[in-house]
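Asks: Contents of my_file_31.cif (mmCIF, C-alpha atoms):
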```
data_run
#
loop_
_atom_site.group_PDB
_atom_site.id
_atom_site.type_symbol
_atom_site.label_atom_id
_atom_site.label_comp_id
_atom_site.auth_asym_id
_atom_site.auth_seq_id
_atom_site.Cartn_x
_atom_site.Cartn_y
_atom_site.Cartn_z
ATOM 1 C CA MET A 1 -17.139 1.042 -50.874
ATOM 2 C CA LEU A 2 -20.069 0.673 -48.542
ATOM 3 C CA LEU A 3 -18.811 -2.594 -47.252
ATOM 4 C CA ARG A 4 -15.766 -1.929 -45.148
ATOM 5 C CA ARG A 5 -17.387 -3.389 -42.027
ATOM 6 C CA ARG A 6 -17.852 -6.794 -43.484
ATOM 7 C CA ARG A 7 -19.225 -8.525 -40.431
ATOM 8 C CA THR A 8 -22.259 -6.300 -40.046
ATOM 9 C CA PRO A 9 -25.293 -7.436 -42.010
ATOM 10 C CA LEU A 10 -26.393 -5.371 -44.999
ATOM 11 C CA VAL A 11 -29.260 -2.933 -44.757
ATOM 12 C CA CYS A 12 -31.685 -2.538 -47.667
ATOM 13 C CA GLN A 13 -30.095 0.589 -49.119
ATOM 14 C CA GLN A 14 -26.715 -1.172 -49.292
ATOM 15 C CA ALA A 15 -28.301 -4.284 -50.778
ATOM 16 C CA VAL A 16 -29.969 -2.239 -53.521
ATOM 17 C CA ALA A 17 -26.677 -0.474 -54.279
ATOM 18 C CA LEU A 18 -25.004 -3.846 -54.905
ATOM 19 C CA MET A 19 -27.606 -5.346 -57.195
ATOM 20 C CA THR A 20 -26.075 -4.469 -60.546
ATOM 21 C CA GLU A 21 -22.683 -5.747 -59.442
ATOM 22 C CA TYR A 22 -24.469 -8.874 -58.238
ATOM 23 C CA LEU A 23 -26.237 -9.358 -61.562
ATOM 24 C CA GLU A 24 -22.969 -8.609 -63.401
ATOM 25 C CA ASN A 25 -21.288 -11.330 -61.338
ATOM 26 C CA HIS A 26 -18.804 -8.819 -60.070
ATOM 27 C CA LEU A 27 -19.170 -9.206 -56.299
ATOM 28 C CA SER A 28 -16.602 -10.992 -54.173
ATOM 29 C CA THR A 29 -17.770 -14.310 -52.776
ATOM 30 C CA ARG A 30 -18.071 -12.661 -49.389
ATOM 31 C CA ASP A 31 -20.220 -9.761 -50.554
ATOM 32 C CA ARG A 32 -22.340 -12.070 -52.669
ATOM 33 C CA THR A 33 -22.997 -14.227 -49.630
ATOM 34 C CA ARG A 34 -23.900 -11.172 -47.544
ATOM 35 C CA LEU A 35 -26.299 -9.955 -50.219
ATOM 36 C CA GLU A 36 -27.901 -13.369 -50.589
ATOM 37 C CA GLN A 37 -28.294 -13.610 -46.818
ATOM 38 C CA HIS A 38 -30.012 -10.234 -46.824
ATOM 39 C CA LEU A 39 -32.273 -11.217 -49.721
ATOM 40 C CA ALA A 40 -33.264 -14.432 -47.942
ATOM 41 C CA GLY A 41 -34.743 -12.382 -45.109
ATOM 42 C CA CYS A 42 -36.014 -9.325 -46.985
ATOM 43 C CA PRO A 43 -39.057 -9.614 -49.268
ATOM 44 C CA HIS A 44 -38.800 -5.955 -50.341
ATOM 45 C CA CYS A 45 -35.245 -6.277 -51.637
ATOM 46 C CA THR A 46 -36.154 -9.621 -53.221
ATOM 47 C CA GLU A 47 -38.996 -7.854 -55.005
ATOM 48 C CA TYR A 48 -36.645 -5.036 -56.018
ATOM 49 C CA LEU A 49 -34.164 -7.521 -57.496
ATOM 50 C CA ALA A 50 -36.995 -9.252 -59.394
ATOM 51 C CA GLN A 51 -38.030 -5.853 -60.787
ATOM 52 C CA MET A 52 -34.455 -5.119 -61.873
ATOM 53 C CA ARG A 53 -34.405 -8.459 -63.688
ATOM 54 C CA ALA A 54 -37.803 -7.729 -65.284
ATOM 55 C CA THR A 55 -36.490 -4.324 -66.377
ATOM 56 C CA ILE A 56 -33.415 -5.876 -68.009
ATOM 57 C CA ASP A 57 -35.551 -8.530 -69.674
ATOM 58 C CA ALA A 58 -37.967 -5.906 -71.006
ATOM 59 C CA ALA A 59 -35.077 -3.790 -72.335
ATOM 60 C CA GLY A 60 -34.048 -6.831 -74.365
ATOM 61 C CA HIS A 61 -37.482 -6.671 -76.003
ATOM 62 C CA VAL A 62 -37.157 -3.034 -77.125
ATOM 63 C CA GLU A 63 -37.442 -3.108 -80.894
ATOM 64 C CA PRO A 64 -35.821 -0.648 -83.296
ATOM 65 C CA ASP A 65 -38.067 1.772 -85.177
ATOM 66 C CA ASP A 66 -39.217 0.811 -88.651
ATOM 67 C CA LEU A 67 -36.963 1.961 -91.451
ATOM 68 C CA GLU A 68 -38.538 4.536 -93.727
ATOM 69 C CA PRO A 69 -38.411 3.352 -97.345
ATOM 70 C CA GLU A 70 -37.064 6.749 -98.462
ATOM 71 C CA ALA A 71 -34.141 6.454 -96.065
ATOM 72 C CA LEU A 72 -33.236 3.084 -97.556
ATOM 73 C CA ASP A 73 -33.581 4.434 -101.115
ATOM 74 C CA ASP A 74 -31.316 7.395 -100.306
ATOM 75 C CA LEU A 75 -28.643 5.137 -98.877
ATOM 76 C CA VAL A 76 -28.784 2.719 -101.787
ATOM 77 C CA ASP A 77 -28.376 5.720 -104.131
ATOM 78 C CA LEU A 78 -25.333 6.780 -102.138
ATOM 79 C CA PHE A 79 -23.971 3.259 -102.378
ATOM 80 C CA ARG A 80 -24.363 3.291 -106.178
ATOM 81 C CA LEU A 81 -22.615 6.655 -106.422
ATOM 82 C CA TRP A 82 -19.772 5.350 -104.319
ATOM 83 C CA LYS A 83 -19.435 2.234 -106.481
ATOM 84 C CA GLU A 84 -19.297 4.259 -109.672
ATOM 85 C CA GLN A 85 -16.386 6.301 -108.402
ATOM 86 C CA MET B 1 -16.250 -12.899 -73.870
ATOM 87 C CA SER B 2 -19.572 -14.394 -74.850
ATOM 88 C CA LEU B 3 -19.980 -16.378 -78.022
ATOM 89 C CA ALA B 4 -22.363 -13.800 -79.439
ATOM 90 C CA SER B 5 -19.690 -11.129 -79.291
ATOM 91 C CA CYS B 6 -17.100 -13.117 -81.244
ATOM 92 C CA ALA B 7 -16.978 -12.870 -84.976
ATOM 93 C CA VAL B 8 -17.278 -16.671 -85.108
ATOM 94 C CA GLY B 9 -20.928 -17.437 -85.736
ATOM 95 C CA ASP B 10 -21.709 -13.824 -86.570
ATOM 96 C CA PRO B 11 -24.840 -13.939 -88.756
ATOM 97 C CA ASP B 12 -23.700 -10.767 -90.535
ATOM 98 C CA MET B 13 -20.335 -12.092 -91.725
ATOM 99 C CA GLU B 14 -21.704 -13.389 -95.011
ATOM 100 C CA LEU B 15 -23.329 -10.042 -95.685
ATOM 101 C CA LEU B 16 -20.083 -8.281 -95.040
ATOM 102 C CA ASP B 17 -18.221 -10.584 -97.413
ATOM 103 C CA ALA B 18 -20.857 -9.885 -100.074
ATOM 104 C CA LEU B 19 -20.629 -6.158 -99.422
ATOM 105 C CA ARG B 20 -16.861 -6.347 -99.802
ATOM 106 C CA ALA B 21 -17.521 -7.755 -103.265
ATOM 107 C CA GLY B 22 -19.758 -4.746 -104.015
ATOM 108 C CA ASP B 23 -23.123 -6.455 -103.540
ATOM 109 C CA GLU B 24 -25.890 -3.853 -103.338
ATOM 110 C CA ALA B 25 -28.456 -6.277 -101.897
ATOM 111 C CA ALA B 26 -26.099 -7.065 -99.016
ATOM 112 C CA PHE B 27 -25.745 -3.350 -98.337
ATOM 113 C CA ALA B 28 -29.531 -2.894 -98.330
ATOM 114 C CA THR B 29 -29.953 -5.822 -95.931
ATOM 115 C CA LEU B 30 -27.424 -4.359 -93.501
ATOM 116 C CA VAL B 31 -29.177 -1.001 -93.704
ATOM 117 C CA ARG B 32 -32.545 -2.613 -92.998
ATOM 118 C CA ARG B 33 -31.070 -4.493 -90.067
ATOM 119 C CA TYR B 34 -29.089 -1.710 -88.405
ATOM 120 C CA HIS B 35 -30.046 1.739 -89.653
ATOM 121 C CA THR B 36 -32.685 2.565 -87.050
ATOM 122 C CA ARG B 37 -30.649 0.871 -84.293
ATOM 123 C CA MET B 38 -27.755 3.157 -85.199
ATOM 124 C CA LEU B 39 -30.085 6.126 -85.260
ATOM 125 C CA ARG B 40 -31.269 5.286 -81.743
ATOM 126 C CA LEU B 41 -27.690 5.195 -80.491
ATOM 127 C CA ALA B 42 -26.668 8.332 -82.407
ATOM 128 C CA GLU B 43 -29.522 10.289 -80.859
ATOM 129 C CA SER B 44 -27.955 9.822 -77.433
ATOM 130 C CA PHE B 45 -24.810 11.634 -78.568
ATOM 131 C CA VAL B 46 -25.836 14.499 -80.820
ATOM 132 C CA PRO B 47 -28.237 17.416 -80.284
ATOM 133 C CA THR B 48 -31.000 16.686 -82.782
ATOM 134 C CA ARG B 49 -32.641 13.926 -84.771
ATOM 135 C CA SER B 50 -31.500 15.456 -88.053
ATOM 136 C CA VAL B 51 -27.877 15.567 -86.893
ATOM 137 C CA ALA B 52 -28.259 11.926 -85.824
ATOM 138 C CA GLU B 53 -29.502 11.082 -89.311
ATOM 139 C CA GLU B 54 -26.474 12.792 -90.856
ATOM 140 C CA VAL B 55 -24.137 10.896 -88.538
ATOM 141 C CA VAL B 56 -25.701 7.566 -89.448
ATOM 142 C CA GLN B 57 -25.575 8.315 -93.163
ATOM 143 C CA ASP B 58 -21.957 9.333 -92.780
ATOM 144 C CA THR B 59 -21.347 6.090 -90.896
ATOM 145 C CA TRP B 60 -22.703 4.006 -93.792
ATOM 146 C CA LEU B 61 -20.346 5.796 -96.171
ATOM 147 C CA GLY B 62 -17.512 5.091 -93.751
ATOM 148 C CA VAL B 63 -18.544 1.448 -93.704
ATOM 149 C CA VAL B 64 -18.401 0.964 -97.470
ATOM 150 C CA LYS B 65 -15.185 2.946 -97.791
ATOM 151 C CA GLY B 66 -13.494 1.255 -94.850
ATOM 152 C CA ILE B 67 -14.748 -2.278 -95.325
ATOM 153 C CA HIS B 68 -11.264 -3.595 -96.138
ATOM 154 C CA ARG B 69 -10.261 -2.571 -92.618
ATOM 155 C CA PHE B 70 -12.772 -4.896 -90.962
ATOM 156 C CA GLU B 71 -10.774 -7.778 -89.522
ATOM 157 C CA GLY B 72 -13.494 -9.826 -87.895
ATOM 158 C CA ARG B 73 -12.187 -9.283 -84.382
ATOM 159 C CA SER B 74 -15.604 -8.079 -83.276
ATOM 160 C CA THR B 75 -19.047 -8.720 -84.651
ATOM 161 C CA VAL B 76 -20.166 -6.683 -87.639
ATOM 162 C CA LYS B 77 -22.724 -5.017 -85.371
ATOM 163 C CA THR B 78 -20.085 -3.868 -82.890
ATOM 164 C CA TRP B 79 -17.894 -2.672 -85.745
ATOM 165 C CA LEU B 80 -20.795 -0.595 -87.138
ATOM 166 C CA PHE B 81 -21.470 0.878 -83.699
ATOM 167 C CA ARG B 82 -17.787 1.691 -83.221
ATOM 168 C CA ILE B 83 -17.678 3.703 -86.450
ATOM 169 C CA LEU B 84 -20.930 5.393 -85.459
ATOM 170 C CA VAL B 85 -19.753 6.339 -81.963
ATOM 171 C CA ASN B 86 -16.489 7.744 -83.296
ATOM 172 C CA ARG B 87 -18.340 9.890 -85.821
ATOM 173 C CA ALA B 88 -20.978 10.996 -83.339
ATOM 174 C CA LYS B 89 -18.298 12.096 -80.887
ATOM 175 C CA THR B 90 -16.580 14.272 -83.469
ATOM 176 C CA THR B 91 -19.849 15.785 -84.684
ATOM 177 C CA GLY B 92 -20.715 17.909 -81.694
ATOM 178 C CA LEU B 93 -22.153 16.483 -78.575
ATOM 179 C CA ARG B 94 -25.378 17.323 -76.832
ATOM 180 C CA GLU B 95 -25.555 19.980 -74.193
ATOM 181 C CA PRO B 96 -25.257 18.272 -70.813
ATOM 182 C CA ARG B 97 -28.665 18.098 -69.147
ATOM 183 C CA ASN B 98 -30.590 16.230 -66.498
ATOM 184 C CA THR B 99 -27.696 16.846 -64.144
ATOM 185 C CA ALA B 100 -29.877 16.291 -61.104
ATOM 186 C CA LEU B 101 -30.495 12.754 -62.293
ATOM 187 C CA ASP B 102 -26.887 11.964 -63.049
ATOM 188 C CA ASP B 103 -25.876 10.842 -59.580
ATOM 189 C CA SER B 104 -29.169 9.574 -58.287
ATOM 190 C CA ASP B 105 -30.610 6.107 -58.517
ATOM 191 C CA GLY B 106 -34.181 7.357 -58.459
ATOM 192 C CA LEU B 107 -34.678 6.138 -54.901
ATOM 193 C CA ASP B 108 -34.431 9.419 -53.002
ATOM 194 C CA GLY B 109 -36.565 9.313 -49.887
ATOM 195 C CA ARG B 110 -37.344 5.621 -50.208
ATOM 196 C CA PHE B 111 -35.098 4.610 -47.284
ATOM 197 C CA ASP B 112 -35.144 5.737 -43.671
ATOM 198 C CA ALA B 113 -32.108 7.079 -41.813
ATOM 199 C CA THR B 114 -30.970 3.548 -40.968
ATOM 200 C CA GLY B 115 -31.058 2.458 -44.622
ATOM 201 C CA HIS B 116 -34.211 0.344 -44.415
ATOM 202 C CA TRP B 117 -37.088 0.760 -46.856
ATOM 203 C CA ASN B 118 -39.670 3.233 -45.648
ATOM 204 C CA GLN B 119 -41.394 3.119 -49.018
ATOM 205 C CA PRO B 120 -40.724 -0.374 -50.350
ATOM 206 C CA PRO B 121 -41.322 -1.347 -53.967
ATOM 207 C CA GLU B 122 -44.910 -2.313 -54.671
ATOM 208 C CA PRO B 123 -44.936 -5.893 -55.973
ATOM 209 C CA TRP B 124 -45.298 -5.896 -59.742
ATOM 210 C CA SER B 125 -47.072 -9.212 -59.554
ATOM 211 C CA ALA B 126 -50.013 -7.197 -58.228
ATOM 212 C CA VAL B 127 -50.416 -5.788 -61.721
ATOM 213 C CA ASP B 128 -49.648 -9.062 -63.401
ATOM 214 C CA SER B 129 -51.736 -8.477 -66.510
ATOM 215 C CA LYS B 130 -49.663 -5.386 -67.318
ATOM 216 C CA LEU B 131 -46.392 -7.090 -66.629
ATOM 217 C CA ASP B 132 -45.695 -8.212 -70.128
ATOM 218 C CA ALA B 133 -42.173 -7.750 -71.434
ATOM 219 C CA ASN B 134 -43.321 -6.261 -74.722
ATOM 220 C CA ALA B 135 -45.584 -3.719 -73.058
ATOM 221 C CA LEU B 136 -42.783 -2.759 -70.688
ATOM 222 C CA ALA B 137 -40.412 -2.575 -73.639
ATOM 223 C CA THR B 138 -42.632 0.016 -75.298
ATOM 224 C CA ARG B 139 -42.569 2.073 -72.118
ATOM 225 C CA ILE B 140 -38.776 1.782 -71.860
ATOM 226 C CA LYS B 141 -38.419 3.006 -75.417
ATOM 227 C CA GLU B 142 -40.530 6.051 -74.599
ATOM 228 C CA CYS B 143 -38.550 6.925 -71.504
ATOM 229 C CA LEU B 144 -35.039 6.579 -73.001
ATOM 230 C CA PRO B 145 -34.818 10.327 -73.783
ATOM 231 C CA GLN B 146 -35.331 11.073 -70.081
ATOM 232 C CA LEU B 147 -32.092 9.344 -69.126
ATOM 233 C CA PRO B 148 -28.831 11.282 -68.884
ATOM 234 C CA ASP B 149 -26.901 10.679 -72.103
ATOM 235 C CA THR B 150 -24.126 8.428 -70.807
ATOM 236 C CA GLN B 151 -26.611 6.251 -68.926
ATOM 237 C CA ARG B 152 -28.741 6.033 -72.043
ATOM 238 C CA GLN B 153 -25.734 5.000 -74.138
ATOM 239 C CA VAL B 154 -24.755 2.231 -71.738
ATOM 240 C CA LEU B 155 -28.336 0.972 -71.395
ATOM 241 C CA VAL B 156 -28.909 0.941 -75.152
ATOM 242 C CA LEU B 157 -25.668 -0.912 -75.836
ATOM 243 C CA ARG B 158 -25.807 -3.390 -72.956
ATOM 244 C CA ASP B 159 -29.466 -4.164 -72.361
ATOM 245 C CA ILE B 160 -31.158 -3.296 -75.648
ATOM 246 C CA GLU B 161 -28.436 -4.291 -78.119
ATOM 247 C CA GLY B 162 -26.965 -7.016 -75.920
ATOM 248 C CA ILE B 163 -23.322 -6.056 -76.433
ATOM 249 C CA ASP B 164 -21.022 -7.398 -73.733
ATOM 250 C CA SER B 165 -19.487 -5.187 -71.091
ATOM 251 C CA ALA B 166 -15.888 -5.284 -72.352
ATOM 252 C CA GLU B 167 -16.970 -4.163 -75.804
ATOM 253 C CA VAL B 168 -19.210 -1.442 -74.419
ATOM 254 C CA CYS B 169 -16.315 -0.053 -72.356
ATOM 255 C CA GLU B 170 -14.153 0.005 -75.448
ATOM 256 C CA LEU B 171 -16.859 1.544 -77.646
ATOM 257 C CA LEU B 172 -17.583 4.351 -75.199
ATOM 258 C CA GLY B 173 -14.030 4.770 -73.923
ATOM 259 C CA ILE B 174 -14.992 4.232 -70.279
ATOM 260 C CA SER B 175 -13.642 2.031 -67.496
ATOM 261 C CA ALA B 176 -15.358 -1.169 -66.408
ATOM 262 C CA THR B 177 -16.162 0.431 -63.050
ATOM 263 C CA ASN B 178 -17.676 3.516 -64.645
ATOM 264 C CA GLN B 179 -19.715 1.330 -66.958
ATOM 265 C CA ARG B 180 -21.169 -0.631 -64.033
ATOM 266 C CA VAL B 181 -22.046 2.599 -62.216
ATOM 267 C CA LEU B 182 -23.777 4.020 -65.306
ATOM 268 C CA LEU B 183 -25.567 0.742 -65.949
ATOM 269 C CA HIS B 184 -26.757 0.600 -62.347
ATOM 270 C CA ARG B 185 -28.109 4.146 -62.468
ATOM 271 C CA ALA B 186 -29.714 3.642 -65.866
ATOM 272 C CA ARG B 187 -31.450 0.418 -64.854
ATOM 273 C CA SER B 188 -32.512 1.965 -61.542
ATOM 274 C CA HIS B 189 -34.035 4.945 -63.343
ATOM 275 C CA VAL B 190 -35.850 2.775 -65.818
ATOM 276 C CA ARG B 191 -37.156 0.515 -63.049
ATOM 277 C CA GLY B 192 -38.408 3.626 -61.248
ATOM 278 C CA LEU B 193 -40.152 4.899 -64.374
ATOM 279 C CA LEU B 194 -41.782 1.514 -64.925
ATOM 280 C CA GLU B 195 -42.852 1.501 -61.301
ATOM 281 C CA LEU B 196 -44.720 4.765 -61.865
ATOM 282 C CA GLU B 197 -46.277 3.248 -64.963
ATOM 283 C CA LEU B 198 -47.317 0.126 -63.108
ATOM 284 C CA GLY B 199 -49.238 2.197 -60.635
ATOM 285 C CA ARG B 200 -47.462 2.409 -57.318
ATOM 286 C CA SER B 201 -50.164 3.221 -54.852
#
```
Represent the structure contained in this file as C-alpha cells.

Replies:
Amino acid sequence: MLLRRRRTPLVCQQAVALMTEYLENHLSTRDRTRLEQHLAGCPHCTEYLAQMRATIDAAGHVEPDDLEPEALDDLVDLFRLWKEQ
Amino acid sequence: MSLASCAVGDPDMELLDALRAGDEAAFATLVRRYHTRMLRLAESFVPTRSVAEEVVQDTWLGVVKGIHRFEGRSTVKTWLFRILVNRAKTTGLREPRNTALDDSDGLDGRFDATGHWNQPPEPWSAVDSKLDANALATRIKECLPQLPDTQRQVLVLRDIEGIDSAEVCELLGISATNQRVLLHRARSHVRGLLELELGRS
C-alpha cells in the first residue's frame, strides 16, 4: 500500500503502519528488511515497537471477571431441567 | 495452525466427553471456566449487559443441546465462542458508535508532514515500576469499552483469548486482511491509552 517505491527508505509513520503485519509475520522479506533497517536507526520506532509488544503481552494477562455464584446456580438448574426433558 | 488451536491436546476435551454423557459437574466446570469470558465477548456485540447475559445463557443451552454436533475440529473454547458469536449476531447488534475512532490509529498529530515523529513515544522504561503486565492488564480491561466494537472483538479474541488468526477470521466472518487492520487499530488504540496512563509528559 504505502510501499510502492520500494527503494526509498521508510519514514516513521510508514514504519509504525507496518508493525502489526511485522509482528504477524505477514510482511514480504523485502518489506521486513526495510522495516528492520529503519528500526536499526530509529530509537523512537524501536520504542514504539517495544510498547506494542508490551501491550500485546499485557492483553494476554487480562483475566476474566469472577463468576457470580448465583449465575452458576441458575445455569446448573437449567442443565438439570434440560436433562429431565 | 498452532498446536493450541487444534483439538489434539485440548484440556477441555475430557470435560466435553463427560458432558456428552450428561455429567453435571463437567457442565459446572465449563461454566466456571468460560462463562465470564463469553460474557466479555458478548458485550462487544449486543447493546446491554443484560442482553449479553441472555445471549450467554442461551449459548449454554445451545451447547448442551448441540453437543453431539461437536466434532473436535476446533478447540472446545473456539466452539463455544462460535456458538456465542452466532447467537449474539442474531440477537440485535449494538448501535454503531465511536465512528471517529474507527479509522484512526490514535496517532493523529504525532508525525510531521514528512512522516517523522514530531511527538515521539515517551519511553515506558522511564516509568519502569508501573510497567508490570498485570497492572497494564487491569488498565486494558477498563479501556475495552472505549474501542469500536469490531476492534474490541478482534482484540479480545486474538490477544486476550489467544485464538489464532485463521479461527478469528472464521468466527467473525471477516477476511484475513480486515482482521489485521482491525487488530492493528485496536492494539494502537490500547497502546495510546496505556501511554496516557503511563504519564506521557

Asks: Edge lengths and centre in Å to one decimal, as JSON, of the axis-aligned box that encloses all listed atoms of segment 18-30 of chain A with 3 Å added on every side?

Replies:
```
{"center_x": -22.1, "center_y": -9.1, "center_z": -56.4, "size_x": 17.0, "size_y": 16.5, "size_z": 20.0}
```

Asks: For chain A, which of B:Pro148, B:Gly72, B:Pro123, B:Gly9 is the closest residue, counting all atoms listed in the file?

Replies: B:Pro123

Asks: Please identify every residue of chain A that has at least one atom no farther than 6 Å from an atom of chain B, counting all atoms listed in the file, and for each give the shortest atom pair and the distance in Å to one decimal, arranged by chain then increasing number, as CSV.

Replies:
```
residue,atom,partner,partner_atom,distance
A:Val11,CA,B:Gly115,CA,5.7
A:Cys12,CA,B:His116,CA,5.0
A:Gln13,CA,B:Gly115,CA,5.0
A:Thr20,CA,B:His184,CA,5.4
A:His44,CA,B:Pro120,CA,5.9
A:Thr55,CA,B:Arg191,CA,5.9
A:Ala58,CA,B:Ala133,CA,4.6
A:Ala59,CA,B:Ile160,CA,5.2
A:Gly60,CA,B:Ile160,CA,4.7
A:His61,CA,B:Ala137,CA,5.6
A:Val62,CA,B:Ala137,CA,4.8
A:Pro64,CA,B:Arg37,CA,5.5
A:Asp65,CA,B:Thr36,CA,5.8
```

Asks: For Arg53 of chain A, which residue among A:Leu23, A:Leu78, A:Leu67, A:Val16 is the nearest when counting all atoms listed in the file?

Replies: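 Comparing A:Leu23, A:Leu78, A:Leu67, A:Val16 against Arg53 of chain A, the winner is A:Leu23.
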
Asks: Go ahead and compute the interatomic distance for atom CA of Asp10 of chain B and atom CA of Thr75 of chain B, in Å to one decimal.

Replies: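 Atom-to-atom, atom CA of Asp10 of chain B and atom CA of Thr75 of chain B are spaced 6.1 Å apart.
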
Asks: Atom CA of Gly92 of chain B and atom CA of Ser44 of chain B, how far apart in Å?

Replies: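 For atom CA of Ser44 of chain B relative to atom CA of Gly92 of chain B, the distance reads 11.7 Å.
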
Asks: Quick one: residues within 8 Å of Ala15 of chain A, all atoms listed in the file, excluding same-chain residues fewer than 3 positions away - as a list in words?

Replies: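 So the residues in contact are Leu10, Val11, Cys12, Leu18, Met19, Leu35, His38 and Cys45 of chain A.
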
Asks: For the file shown, report as a count of residues only the outcome of the PyMOL selection byres ((chain B and resi 45-47) around 8) at residue level.

Replies: 16

Asks: I'd like the interatomic distance between atom CA of Asn86 of chain B and atom CA of Leu182 of chain B, to a tenth of an Å.

Replies: 19.8 Å
